[in-house]
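> Pasting upload-v1.pdb below, which is PDB, C-alpha atoms, pLDDT in the B column.
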ATOM      1  CA  MET A   1     -86.239  32.002 178.181  1.00 55.00           C
ATOM      2  CA  GLN A   2     -89.279  31.708 175.938  1.00 81.00           C
ATOM      3  CA  TYR A   3     -88.682  29.361 173.005  1.00 92.00           C
ATOM      4  CA  ASP A   4     -90.671  29.642 169.791  1.00 96.00           C
ATOM      5  CA  THR A   5     -88.879  27.014 167.674  1.00 97.00           C
ATOM      6  CA  ILE A   6     -88.272  23.299 168.217  1.00 98.00           C
ATOM      7  CA  ILE A   7     -85.971  21.271 165.993  1.00 98.00           C
ATOM      8  CA  PHE A   8     -86.538  17.517 166.245  1.00 98.00           C
ATOM      9  CA  ASP A   9     -84.470  14.522 165.310  1.00 97.00           C
ATOM     10  CA  LEU A  10     -86.596  11.984 163.398  1.00 97.00           C
ATOM     11  CA  ASP A  11     -85.651   8.329 163.998  1.00 95.00           C
ATOM     12  CA  GLY A  12     -85.958   7.386 167.659  1.00 95.00           C
ATOM     13  CA  THR A  13     -87.455  10.766 168.555  1.00 97.00           C
ATOM     14  CA  LEU A  14     -90.630  11.272 166.520  1.00 98.00           C
ATOM     15  CA  LEU A  15     -90.853   7.958 164.661  1.00 97.00           C
ATOM     16  CA  ASN A  16     -90.002   4.410 165.654  1.00 96.00           C
ATOM     17  CA  THR A  17     -88.358   3.361 162.406  1.00 95.00           C
ATOM     18  CA  LEU A  18     -86.211   0.565 163.770  1.00 95.00           C
ATOM     19  CA  GLU A  19     -88.036  -2.485 162.405  1.00 96.00           C
ATOM     20  CA  ASP A  20     -88.265  -1.134 158.862  1.00 96.00           C
ATOM     21  CA  LEU A  21     -84.572  -0.206 158.965  1.00 95.00           C
ATOM     22  CA  ARG A  22     -83.700  -3.703 160.173  1.00 97.00           C
ATOM     23  CA  ASP A  23     -85.888  -5.376 157.551  1.00 97.00           C
ATOM     24  CA  SER A  24     -84.386  -3.415 154.642  1.00 97.00           C
ATOM     25  CA  LEU A  25     -80.876  -3.924 155.976  1.00 97.00           C
ATOM     26  CA  ASN A  26     -81.344  -7.661 156.346  1.00 97.00           C
ATOM     27  CA  ALA A  27     -82.909  -7.928 152.893  1.00 97.00           C
ATOM     28  CA  ILE A  28     -79.761  -6.571 151.255  1.00 96.00           C
ATOM     29  CA  LEU A  29     -77.447  -8.480 153.577  1.00 96.00           C
ATOM     30  CA  ILE A  30     -79.150 -11.762 152.619  1.00 96.00           C
ATOM     31  CA  GLN A  31     -79.080 -10.761 148.960  1.00 95.00           C
ATOM     32  CA  ASN A  32     -75.311 -10.329 149.170  1.00 95.00           C
ATOM     33  CA  GLY A  33     -74.571 -13.411 151.250  1.00 94.00           C
ATOM     34  CA  PHE A  34     -73.911 -11.681 154.583  1.00 95.00           C
ATOM     35  CA  PRO A  35     -75.307 -12.636 158.016  1.00 95.00           C
ATOM     36  CA  GLN A  36     -78.426 -10.842 159.205  1.00 96.00           C
ATOM     37  CA  ARG A  37     -78.399  -8.335 162.070  1.00 97.00           C
ATOM     38  CA  SER A  38     -80.675  -8.311 165.113  1.00 96.00           C
ATOM     39  CA  LEU A  39     -82.954  -5.465 166.122  1.00 95.00           C
ATOM     40  CA  GLU A  40     -80.658  -4.581 169.019  1.00 94.00           C
ATOM     41  CA  GLU A  41     -77.614  -4.506 166.747  1.00 95.00           C
ATOM     42  CA  VAL A  42     -79.392  -2.180 164.365  1.00 95.00           C
ATOM     43  CA  ARG A  43     -80.437  -0.005 167.308  1.00 92.00           C
ATOM     44  CA  ARG A  44     -76.760   0.423 168.207  1.00 91.00           C
ATOM     45  CA  PHE A  45     -75.675   1.044 164.621  1.00 92.00           C
ATOM     46  CA  VAL A  46     -78.174   3.733 163.610  1.00 90.00           C
ATOM     47  CA  GLY A  47     -77.872   7.451 164.184  1.00 81.00           C
ATOM     48  CA  ASN A  48     -74.955   8.446 161.971  1.00 83.00           C
ATOM     49  CA  GLY A  49     -76.402   7.888 158.528  1.00 84.00           C
ATOM     50  CA  VAL A  50     -77.233   4.870 156.396  1.00 88.00           C
ATOM     51  CA  LYS A  51     -73.709   4.416 155.095  1.00 90.00           C
ATOM     52  CA  THR A  52     -72.433   4.048 158.658  1.00 92.00           C
ATOM     53  CA  LEU A  53     -75.245   1.586 159.408  1.00 93.00           C
ATOM     54  CA  ILE A  54     -74.148  -0.565 156.470  1.00 95.00           C
ATOM     55  CA  ARG A  55     -70.445  -0.288 157.249  1.00 95.00           C
ATOM     56  CA  LEU A  56     -71.068  -1.472 160.824  1.00 96.00           C
ATOM     57  CA  SER A  57     -73.309  -4.316 159.616  1.00 96.00           C
ATOM     58  CA  VAL A  58     -70.970  -5.946 157.102  1.00 95.00           C
ATOM     59  CA  PRO A  59     -67.648  -7.753 157.629  1.00 92.00           C
ATOM     60  CA  ASP A  60     -64.541  -5.604 157.978  1.00 90.00           C
ATOM     61  CA  THR A  61     -63.239  -7.166 154.771  1.00 91.00           C
ATOM     62  CA  CYS A  62     -65.878  -5.353 152.691  1.00 91.00           C
ATOM     63  CA  SER A  63     -64.368  -2.709 150.443  1.00 92.00           C
ATOM     64  CA  ASP A  64     -65.616   0.850 150.174  1.00 92.00           C
ATOM     65  CA  GLU A  65     -66.922  -0.029 146.715  1.00 93.00           C
ATOM     66  CA  GLN A  66     -68.996  -2.890 148.144  1.00 94.00           C
ATOM     67  CA  VAL A  67     -70.399  -0.619 150.838  1.00 94.00           C
ATOM     68  CA  GLU A  68     -71.356   1.964 148.204  1.00 94.00           C
ATOM     69  CA  GLN A  69     -73.170  -0.718 146.199  1.00 95.00           C
ATOM     70  CA  LEU A  70     -74.988  -1.923 149.300  1.00 96.00           C
ATOM     71  CA  LEU A  71     -75.955   1.669 150.057  1.00 94.00           C
ATOM     72  CA  ILE A  72     -77.626   1.973 146.653  1.00 95.00           C
ATOM     73  CA  GLN A  73     -79.486  -1.302 147.226  1.00 96.00           C
ATOM     74  CA  PHE A  74     -80.550  -0.259 150.707  1.00 95.00           C
ATOM     75  CA  LYS A  75     -81.939   3.097 149.580  1.00 93.00           C
ATOM     76  CA  GLU A  76     -83.939   1.400 146.839  1.00 95.00           C
ATOM     77  CA  HIS A  77     -85.373  -1.251 149.180  1.00 96.00           C
ATOM     78  CA  TYR A  78     -86.017   1.129 152.076  1.00 94.00           C
ATOM     79  CA  GLY A  79     -87.646   3.656 149.771  1.00 91.00           C
ATOM     80  CA  ARG A  80     -90.308   1.040 148.967  1.00 94.00           C
ATOM     81  CA  ASN A  81     -90.628  -0.378 152.491  1.00 95.00           C
ATOM     82  CA  MET A  82     -90.079   2.446 154.968  1.00 93.00           C
ATOM     83  CA  GLN A  83     -93.730   2.693 156.001  1.00 93.00           C
ATOM     84  CA  ASN A  84     -94.451  -0.973 156.697  1.00 96.00           C
ATOM     85  CA  LYS A  85     -93.938  -0.922 160.470  1.00 97.00           C
ATOM     86  CA  THR A  86     -92.847   2.655 161.185  1.00 96.00           C
ATOM     87  CA  ARG A  87     -95.140   4.612 163.514  1.00 97.00           C
ATOM     88  CA  PRO A  88     -95.012   7.804 165.586  1.00 97.00           C
ATOM     89  CA  TYR A  89     -94.224   7.110 169.233  1.00 97.00           C
ATOM     90  CA  ASP A  90     -97.162   7.241 171.623  1.00 97.00           C
ATOM     91  CA  GLY A  91     -98.056  10.826 172.423  1.00 97.00           C
ATOM     92  CA  ILE A  92     -96.123  12.404 169.544  1.00 98.00           C
ATOM     93  CA  MET A  93     -99.113  13.389 167.415  1.00 97.00           C
ATOM     94  CA  GLU A  94    -100.865  14.925 170.421  1.00 97.00           C
ATOM     95  CA  LEU A  95     -97.693  16.851 171.259  1.00 97.00           C
ATOM     96  CA  LEU A  96     -97.324  18.195 167.724  1.00 97.00           C
ATOM     97  CA  LEU A  97    -100.953  19.313 167.619  1.00 97.00           C
ATOM     98  CA  ASP A  98    -100.499  21.127 170.932  1.00 96.00           C
ATOM     99  CA  LEU A  99     -97.313  22.783 169.674  1.00 96.00           C
ATOM    100  CA  GLN A 100     -99.102  23.884 166.513  1.00 95.00           C
ATOM    101  CA  ARG A 101    -101.939  25.329 168.583  1.00 95.00           C
ATOM    102  CA  PHE A 102     -99.401  27.362 170.563  1.00 94.00           C
ATOM    103  CA  ASN A 103     -97.797  28.565 167.300  1.00 95.00           C
ATOM    104  CA  TYR A 104     -94.399  26.925 167.720  1.00 97.00           C
ATOM    105  CA  LYS A 105     -92.252  26.705 164.602  1.00 97.00           C
ATOM    106  CA  LEU A 106     -91.241  23.071 164.042  1.00 98.00           C
ATOM    107  CA  GLY A 107     -88.543  21.397 161.982  1.00 98.00           C
ATOM    108  CA  ILE A 108     -86.843  18.030 161.532  1.00 98.00           C
ATOM    109  CA  VAL A 109     -83.143  17.359 160.970  1.00 97.00           C
ATOM    110  CA  SER A 110     -81.952  13.809 160.387  1.00 96.00           C
ATOM    111  CA  ASN A 111     -78.957  11.798 159.228  1.00 93.00           C
ATOM    112  CA  LYS A 112     -81.291   9.639 157.150  1.00 90.00           C
ATOM    113  CA  PHE A 113     -81.035  10.380 153.421  1.00 89.00           C
ATOM    114  CA  ASP A 114     -83.019  13.456 152.464  1.00 93.00           C
ATOM    115  CA  ALA A 115     -85.647  11.856 150.208  1.00 92.00           C
ATOM    116  CA  ALA A 116     -86.692   9.443 152.958  1.00 92.00           C
ATOM    117  CA  VAL A 117     -86.787  12.205 155.592  1.00 95.00           C
ATOM    118  CA  LYS A 118     -89.059  14.384 153.481  1.00 95.00           C
ATOM    119  CA  SER A 119     -91.306  11.457 152.530  1.00 95.00           C
ATOM    120  CA  LEU A 120     -91.719  10.230 156.106  1.00 95.00           C
ATOM    121  CA  ALA A 121     -92.303  13.730 157.453  1.00 97.00           C
ATOM    122  CA  LYS A 122     -94.994  14.424 154.877  1.00 96.00           C
ATOM    123  CA  THR A 123     -96.677  11.040 155.342  1.00 95.00           C
ATOM    124  CA  TYR A 124     -96.836  11.043 159.126  1.00 96.00           C
ATOM    125  CA  PHE A 125     -96.925  14.733 160.029  1.00 97.00           C
ATOM    126  CA  GLY A 126     -98.336  16.523 156.993  1.00 94.00           C
ATOM    127  CA  ASP A 127     -98.267  20.278 157.532  1.00 93.00           C
ATOM    128  CA  LEU A 128     -97.530  20.004 161.261  1.00 96.00           C
ATOM    129  CA  ILE A 129     -93.791  20.075 160.542  1.00 97.00           C
ATOM    130  CA  PRO A 130     -93.148  22.171 157.426  1.00 96.00           C
ATOM    131  CA  VAL A 131     -89.337  21.848 157.328  1.00 97.00           C
ATOM    132  CA  ALA A 132     -87.599  18.456 157.121  1.00 97.00           C
ATOM    133  CA  ILE A 133     -83.921  18.119 156.220  1.00 96.00           C
ATOM    134  CA  GLY A 134     -81.925  14.940 155.709  1.00 94.00           C
ATOM    135  CA  GLU A 135     -78.432  14.086 154.578  1.00 89.00           C
ATOM    136  CA  THR A 136     -77.366  15.416 151.167  1.00 89.00           C
ATOM    137  CA  ASP A 137     -74.092  16.170 149.430  1.00 87.00           C
ATOM    138  CA  GLN A 138     -74.699  19.850 150.188  1.00 87.00           C
ATOM    139  CA  VAL A 139     -75.430  19.577 153.921  1.00 86.00           C
ATOM    140  CA  LYS A 140     -73.020  17.905 156.317  1.00 87.00           C
ATOM    141  CA  ARG A 141     -74.603  15.278 158.490  1.00 89.00           C
ATOM    142  CA  LYS A 142     -74.940  15.570 162.236  1.00 94.00           C
ATOM    143  CA  PRO A 143     -73.183  16.207 164.579  1.00 95.00           C
ATOM    144  CA  ALA A 144     -72.185  19.024 162.238  1.00 96.00           C
ATOM    145  CA  PRO A 145     -74.707  21.819 162.895  1.00 96.00           C
ATOM    146  CA  ASP A 146     -75.319  22.616 159.218  1.00 95.00           C
ATOM    147  CA  SER A 147     -78.744  20.965 158.968  1.00 96.00           C
ATOM    148  CA  VAL A 148     -79.903  22.709 162.145  1.00 97.00           C
ATOM    149  CA  PHE A 149     -78.770  26.078 160.820  1.00 96.00           C
ATOM    150  CA  GLU A 150     -80.566  25.411 157.528  1.00 96.00           C
ATOM    151  CA  ALA A 151     -83.777  24.432 159.342  1.00 97.00           C
ATOM    152  CA  MET A 152     -83.673  27.623 161.403  1.00 97.00           C
ATOM    153  CA  ARG A 153     -83.052  29.645 158.246  1.00 97.00           C
ATOM    154  CA  GLN A 154     -86.071  28.112 156.515  1.00 97.00           C
ATOM    155  CA  LEU A 155     -88.243  28.653 159.587  1.00 97.00           C
ATOM    156  CA  GLY A 156     -87.030  32.210 160.080  1.00 97.00           C
ATOM    157  CA  SER A 157     -85.975  31.369 163.633  1.00 97.00           C
ATOM    158  CA  ASP A 158     -83.571  32.969 166.080  1.00 95.00           C
ATOM    159  CA  PRO A 159     -81.082  30.510 167.650  1.00 95.00           C
ATOM    160  CA  LYS A 160     -81.701  32.202 171.005  1.00 95.00           C
ATOM    161  CA  GLN A 161     -85.332  31.071 170.839  1.00 96.00           C
ATOM    162  CA  THR A 162     -84.684  27.573 169.487  1.00 97.00           C
ATOM    163  CA  ILE A 163     -84.320  24.261 171.311  1.00 97.00           C
ATOM    164  CA  TYR A 164     -83.241  20.879 169.950  1.00 98.00           C
ATOM    165  CA  VAL A 165     -84.865  17.516 170.775  1.00 98.00           C
ATOM    166  CA  GLY A 166     -83.243  14.135 170.087  1.00 97.00           C
ATOM    167  CA  ASP A 167     -82.572  10.640 171.370  1.00 96.00           C
ATOM    168  CA  SER A 168     -78.870   9.971 170.836  1.00 94.00           C
ATOM    169  CA  GLU A 169     -75.344  11.074 171.627  1.00 95.00           C
ATOM    170  CA  THR A 170     -75.146  12.415 168.069  1.00 95.00           C
ATOM    171  CA  ASP A 171     -78.122  14.657 168.803  1.00 97.00           C
ATOM    172  CA  VAL A 172     -76.584  16.054 171.986  1.00 97.00           C
ATOM    173  CA  ARG A 173     -73.377  16.821 170.089  1.00 97.00           C
ATOM    174  CA  THR A 174     -75.360  18.405 167.262  1.00 97.00           C
ATOM    175  CA  ALA A 175     -77.201  20.700 169.658  1.00 97.00           C
ATOM    176  CA  LYS A 176     -73.944  21.706 171.323  1.00 97.00           C
ATOM    177  CA  ASN A 177     -72.303  22.396 167.965  1.00 97.00           C
ATOM    178  CA  ALA A 178     -75.273  24.556 166.993  1.00 97.00           C
ATOM    179  CA  GLY A 179     -75.212  26.395 170.329  1.00 97.00           C
ATOM    180  CA  LEU A 180     -78.695  25.187 171.293  1.00 97.00           C
ATOM    181  CA  PRO A 181     -80.066  23.628 174.494  1.00 97.00           C
ATOM    182  CA  CYS A 182     -80.742  19.901 174.055  1.00 97.00           C
ATOM    183  CA  ILE A 183     -83.680  17.920 175.370  1.00 97.00           C
ATOM    184  CA  GLY A 184     -82.887  14.204 175.353  1.00 97.00           C
ATOM    185  CA  VAL A 185     -85.790  11.771 174.986  1.00 97.00           C
ATOM    186  CA  THR A 186     -85.495   8.443 176.744  1.00 96.00           C
ATOM    187  CA  TRP A 187     -87.986   6.470 174.601  1.00 96.00           C
ATOM    188  CA  GLY A 188     -85.686   6.278 171.564  1.00 94.00           C
ATOM    189  CA  PHE A 189     -82.685   4.283 170.386  1.00 92.00           C
ATOM    190  CA  ARG A 190     -80.287   5.155 173.219  1.00 92.00           C
ATOM    191  CA  SER A 191     -80.446   4.833 176.984  1.00 91.00           C
ATOM    192  CA  ARG A 192     -80.989   7.561 179.553  1.00 92.00           C
ATOM    193  CA  GLN A 193     -77.417   6.973 180.727  1.00 94.00           C
ATOM    194  CA  VAL A 194     -75.965   7.640 177.276  1.00 94.00           C
ATOM    195  CA  LEU A 195     -77.841  10.931 177.054  1.00 95.00           C
ATOM    196  CA  ARG A 196     -76.860  11.932 180.587  1.00 95.00           C
ATOM    197  CA  ASP A 197     -73.207  11.040 180.023  1.00 95.00           C
ATOM    198  CA  GLU A 198     -73.147  13.021 176.793  1.00 94.00           C
ATOM    199  CA  GLY A 199     -74.444  16.104 178.570  1.00 94.00           C
ATOM    200  CA  ALA A 200     -78.069  16.602 177.497  1.00 96.00           C
ATOM    201  CA  ASP A 201     -79.456  19.717 179.206  1.00 96.00           C
ATOM    202  CA  TYR A 202     -82.769  18.041 180.030  1.00 95.00           C
ATOM    203  CA  LEU A 203     -84.186  14.511 179.903  1.00 97.00           C
ATOM    204  CA  ILE A 204     -87.841  13.627 179.330  1.00 97.00           C
ATOM    205  CA  ASP A 205     -89.578  10.260 179.469  1.00 96.00           C
ATOM    206  CA  THR A 206     -92.814  11.127 177.611  1.00 96.00           C
ATOM    207  CA  PRO A 207     -93.684  13.573 174.825  1.00 97.00           C
ATOM    208  CA  LYS A 208     -96.125  15.507 176.995  1.00 94.00           C
ATOM    209  CA  GLU A 209     -93.244  16.425 179.351  1.00 95.00           C
ATOM    210  CA  LEU A 210     -91.841  18.591 176.549  1.00 95.00           C
ATOM    211  CA  LEU A 211     -94.739  21.022 176.822  1.00 91.00           C
ATOM    212  CA  THR A 212     -94.241  21.346 180.550  1.00 89.00           C
ATOM    213  CA  LEU A 213     -90.530  21.919 180.106  1.00 87.00           C
ATOM    214  CA  ILE A 214     -90.753  24.669 177.518  1.00 84.00           C
TER
END
Translate this structure into structure tokens?

Amino acid sequence: MQYDTIIFDLDGTLLNTLEDLRDSLNAILIQNGFPQRSLEEVRRFVGNGVKTLIRLSVPDTCSDEQVEQLLIQFKEHYGRNMQNKTRPYDGIMELLLDLQRFNYKLGIVSNKFDAAVKSLAKTYFGDLIPVAIGETDQVKRKPAPDSVFEAMRQLGSDPKQTIYVGDSETDVRTAKNAGLPCIGVTWGFRSRQVLRDEGADYLIDTPKELLTLI
């Protein structure tokens, strides 16, 4: 099968965002009198949206109202600090340039809030990835396939010629729910074993392996 479209996850797949996520999380936790979280804890907690990250990071006694307030604070802090330490993974920019040269249609779908997804995509990838979709009230977050379907619609892509690339169990489930093959990347926020156990169709250890695979 010849693919012409690749839909990427963002955090842990294209960008290493973990330290900026941790720093913004800890800033609001300190501000509200809660214990800080380690990088490894944040690595485990991310992948299902910022609200889930906050809920997992605070004591169980926190009310939904407190979590909502922390979510507002987090978005404000992260919006100002999301480019401090975030960088594309090694080999990603070269991969994207190669994919552009071969005329692949590229998109991003993420459970990060939509404004941050669009800002990060524009800052780091410019016109290389023209479609970037994050969580909104209108689009269900992954593993629901809605964001993938919307990305394919905007790209004018056929699902039969589209493949999905991500780093987590949520991504594998998203691809399955969208009826797409999933390439799991092992350099992200989850282990090779997690991706294998979840049923990723392929596993790659470096970005350049993607070109060989497709």
> What would the selection look like, as a PDB file with C-alpha atoms, in the coordinates of the input, if the PyMOL selection byres ((chain A and resi 152-161) around 7) were run on the coordinates I just shared?

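expr_5.pdb, freshly written:
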ATOM      1  CA  GLN A   2     -89.279  31.708 175.938  1.00 81.00           C
ATOM      2  CA  TYR A   3     -88.682  29.361 173.005  1.00 92.00           C
ATOM      3  CA  ASP A   4     -90.671  29.642 169.791  1.00 96.00           C
ATOM      4  CA  THR A   5     -88.879  27.014 167.674  1.00 97.00           C
ATOM      5  CA  LYS A 105     -92.252  26.705 164.602  1.00 97.00           C
ATOM      6  CA  VAL A 148     -79.903  22.709 162.145  1.00 97.00           C
ATOM      7  CA  PHE A 149     -78.770  26.078 160.820  1.00 96.00           C
ATOM      8  CA  GLU A 150     -80.566  25.411 157.528  1.00 96.00           C
ATOM      9  CA  ALA A 151     -83.777  24.432 159.342  1.00 97.00           C
ATOM     10  CA  THR A 162     -84.684  27.573 169.487  1.00 97.00           C
ATOM     11  CA  ILE A 163     -84.320  24.261 171.311  1.00 97.00           C
ATOM     12  CA  LEU A 180     -78.695  25.187 171.293  1.00 97.00           C
TER      13      LEU A 180
END
> If we count all atoms listed in the file and set the cut-off at 12 Å, which residues sit around A:Leu97, ignoring sequence neighbours fewer than 2 positions away in its own chain? Please answer as a PyMOL selection string.
chain A and resi 91-95+99-106+125-129+207-208+211
> Running the PyMOL selection byres ((chain A and resi 18) around 9) on this model by hand, what would come out? Give it as an NGL selection string.
:A and (11-12 or 15-17 or 19-23 or 39 or 42-43 or 46 or 85-86 or 189)
> If you apply the PyMOL selection byres ((chain A and resi 55-66) around 9) to this file, what residues do you get, as a list in words?
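On the file shown, the PyMOL selection byres ((chain A and resi 55-66) around 9) covers Leu25, Leu29, Phe34, Pro35, Gln36, Arg37, Glu41, Val42, Phe45, Val50, Lys51, Thr52, Leu53, Ile54, Val67, Glu68, Gln69, Leu70 and Leu71 of chain A.
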> Which value, in Å to one decimal, gives the distance between atom CA of A:Ser110 and atom CA of A:Lys122?
14.2 Å
> Could you pull the residues within 8 Å of A:Arg141, counting all atoms listed in the file, minus those fewer than 4 positions along the same chain, as a PyMOL selection string?
chain A and resi 48-49+110-111+134-136+145-147
> Interatomic distance between atom CA of A:Gln193 and atom CA of A:Asn177?
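Interatomic distance, atom CA of A:Gln193 to atom CA of A:Asn177: 20.7 Å.
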> Looking at all atoms listed in the file, which of A:Thr174, A:Trp187, A:Phe74, A:Gln138 is the one that sits closest to A:Ile30?
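Among the listed residues, the smallest separation from A:Ile30 belongs to A:Phe74.
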> Just to confirm, what's the straight-line distance from atom CA of A:Lys112 to atom CA of A:Gly184 in Å (one decimal)?
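Separation between atom CA of A:Lys112 and atom CA of A:Gly184: 18.8 Å.
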> Counting all atoms listed in the file, figure out which residue out of A:Ile204, A:Thr186, A:Ser24, A:Leu210 gets nearest to A:Asp98.
A:Leu210
> Which one is closest to A:Gly47: A:Leu120, A:Val172, A:Val139, A:Ala115? Count all atoms listed in the file.
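Of A:Leu120, A:Val172, A:Val139, A:Ala115, the one nearest A:Gly47, counting all atoms listed in the file, is A:Val172.
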> Which residues are close to A:Ile7, i.e. within 7 Å by only C-alpha atoms, leaving aside same-chain residues fewer than 6 positions away? Reply as a list in words.
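Using only C-alpha atoms, the neighbours found are Leu106, Gly107, Ile108, Val109, Ile163, Tyr164 and Val165 of chain A.
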> Export C-alpha atoms of the chosen residues as a PDB file, keeping the file's coordinate frame?

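As a result, part.pdb now contains:
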ATOM      1  CA  LEU A 106     -91.241  23.071 164.042  1.00 98.00           C
ATOM      2  CA  GLY A 107     -88.543  21.397 161.982  1.00 98.00           C
ATOM      3  CA  ILE A 108     -86.843  18.030 161.532  1.00 98.00           C
ATOM      4  CA  VAL A 109     -83.143  17.359 160.970  1.00 97.00           C
ATOM      5  CA  ILE A 163     -84.320  24.261 171.311  1.00 97.00           C
ATOM      6  CA  TYR A 164     -83.241  20.879 169.950  1.00 98.00           C
ATOM      7  CA  VAL A 165     -84.865  17.516 170.775  1.00 98.00           C
TER       8      VAL A 165
END
> In terms of the shortest atom-to-atom distance over all atoms listed in the file, which of A:Asp114, A:His77, A:Pro130, A:Ala175 is closest to A:Lys142?
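The closest residue to A:Lys142 is A:Ala175.
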> Write a file for stretch 168-189 of chain A, containing N, CA and C atoms (output as an mmCIF file, in the first residue's frame).

data_model
loop_
_atom_site.group_PDB
_atom_site.id
_atom_site.type_symbol
_atom_site.label_atom_id
_atom_site.label_comp_id
_atom_site.auth_asym_id
_atom_site.auth_seq_id
_atom_site.Cartn_x
_atom_site.Cartn_y
_atom_site.Cartn_z
ATOM 1 N N SER A 168 2.291 6.600 22.297
ATOM 2 C CA SER A 168 1.641 6.127 23.524
ATOM 3 C C SER A 168 0.522 5.141 23.241
ATOM 4 N N GLU A 169 0.027 4.531 24.315
ATOM 5 C CA GLU A 169 -1.100 3.616 24.194
ATOM 6 C C GLU A 169 -2.340 4.358 23.684
ATOM 7 N N THR A 170 -2.482 5.617 24.070
ATOM 8 C CA THR A 170 -3.594 6.421 23.554
ATOM 9 C C THR A 170 -3.514 6.557 22.043
ATOM 10 N N ASP A 171 -2.306 6.716 21.529
ATOM 11 C CA ASP A 171 -2.132 6.859 20.078
ATOM 12 C C ASP A 171 -2.485 5.568 19.339
ATOM 13 N N VAL A 172 -2.072 4.444 19.881
ATOM 14 C CA VAL A 172 -2.408 3.161 19.239
ATOM 15 C C VAL A 172 -3.923 2.987 19.199
ATOM 16 N N ARG A 173 -4.586 3.312 20.311
ATOM 17 C CA ARG A 173 -6.041 3.187 20.365
ATOM 18 C C ARG A 173 -6.717 4.164 19.401
ATOM 19 N N THR A 174 -6.163 5.354 19.292
ATOM 20 C CA THR A 174 -6.699 6.348 18.365
ATOM 21 C C THR A 174 -6.634 5.846 16.936
ATOM 22 N N ALA A 175 -5.470 5.322 16.557
ATOM 23 C CA ALA A 175 -5.300 4.799 15.197
ATOM 24 C C ALA A 175 -6.299 3.675 14.929
ATOM 25 N N LYS A 176 -6.432 2.775 15.889
ATOM 26 C CA LYS A 176 -7.378 1.667 15.716
ATOM 27 C C LYS A 176 -8.807 2.180 15.565
ATOM 28 N N ASN A 177 -9.176 3.165 16.381
ATOM 29 C CA ASN A 177 -10.525 3.713 16.319
ATOM 30 C C ASN A 177 -10.789 4.444 15.003
ATOM 31 N N ALA A 178 -9.715 4.954 14.401
ATOM 32 C CA ALA A 178 -9.845 5.644 13.119
ATOM 33 C C ALA A 178 -9.690 4.687 11.939
ATOM 34 N N GLY A 179 -9.355 3.428 12.215
ATOM 35 C CA GLY A 179 -9.174 2.445 11.160
ATOM 36 C C GLY A 179 -7.884 2.622 10.389
ATOM 37 N N LEU A 180 -6.851 3.168 11.062
ATOM 38 C CA LEU A 180 -5.572 3.426 10.393
ATOM 39 C C LEU A 180 -4.473 2.537 10.966
ATOM 40 N N PRO A 181 -3.474 2.172 10.149
ATOM 41 C CA PRO A 181 -2.283 1.517 10.692
ATOM 42 C C PRO A 181 -1.551 2.475 11.630
ATOM 43 N N CYS A 182 -0.920 1.928 12.663
ATOM 44 C CA CYS A 182 -0.208 2.762 13.639
ATOM 45 C C CYS A 182 1.269 2.413 13.682
ATOM 46 N N ILE A 183 2.098 3.433 13.538
ATOM 47 C CA ILE A 183 3.532 3.292 13.763
ATOM 48 C C ILE A 183 3.836 3.862 15.143
ATOM 49 N N GLY A 184 4.348 3.034 16.032
ATOM 50 C CA GLY A 184 4.725 3.476 17.366
ATOM 51 C C GLY A 184 6.185 3.882 17.396
ATOM 52 N N VAL A 185 6.468 5.052 17.980
ATOM 53 C CA VAL A 185 7.851 5.519 18.099
ATOM 54 C C VAL A 185 8.345 5.266 19.513
ATOM 55 N N THR A 186 9.565 4.761 19.608
ATOM 56 C CA THR A 186 10.074 4.337 20.913
ATOM 57 C C THR A 186 10.877 5.412 21.632
ATOM 58 N N TRP A 187 11.038 6.607 21.020
ATOM 59 C CA TRP A 187 11.825 7.664 21.660
ATOM 60 C C TRP A 187 10.977 8.591 22.523
ATOM 61 N N GLY A 188 9.673 8.321 22.643
ATOM 62 C CA GLY A 188 8.772 9.248 23.310
ATOM 63 C C GLY A 188 8.546 8.971 24.778
ATOM 64 N N PHE A 189 7.292 9.164 25.221
ATOM 65 C CA PHE A 189 6.960 9.148 26.639
ATOM 66 C C PHE A 189 6.599 7.764 27.168
#
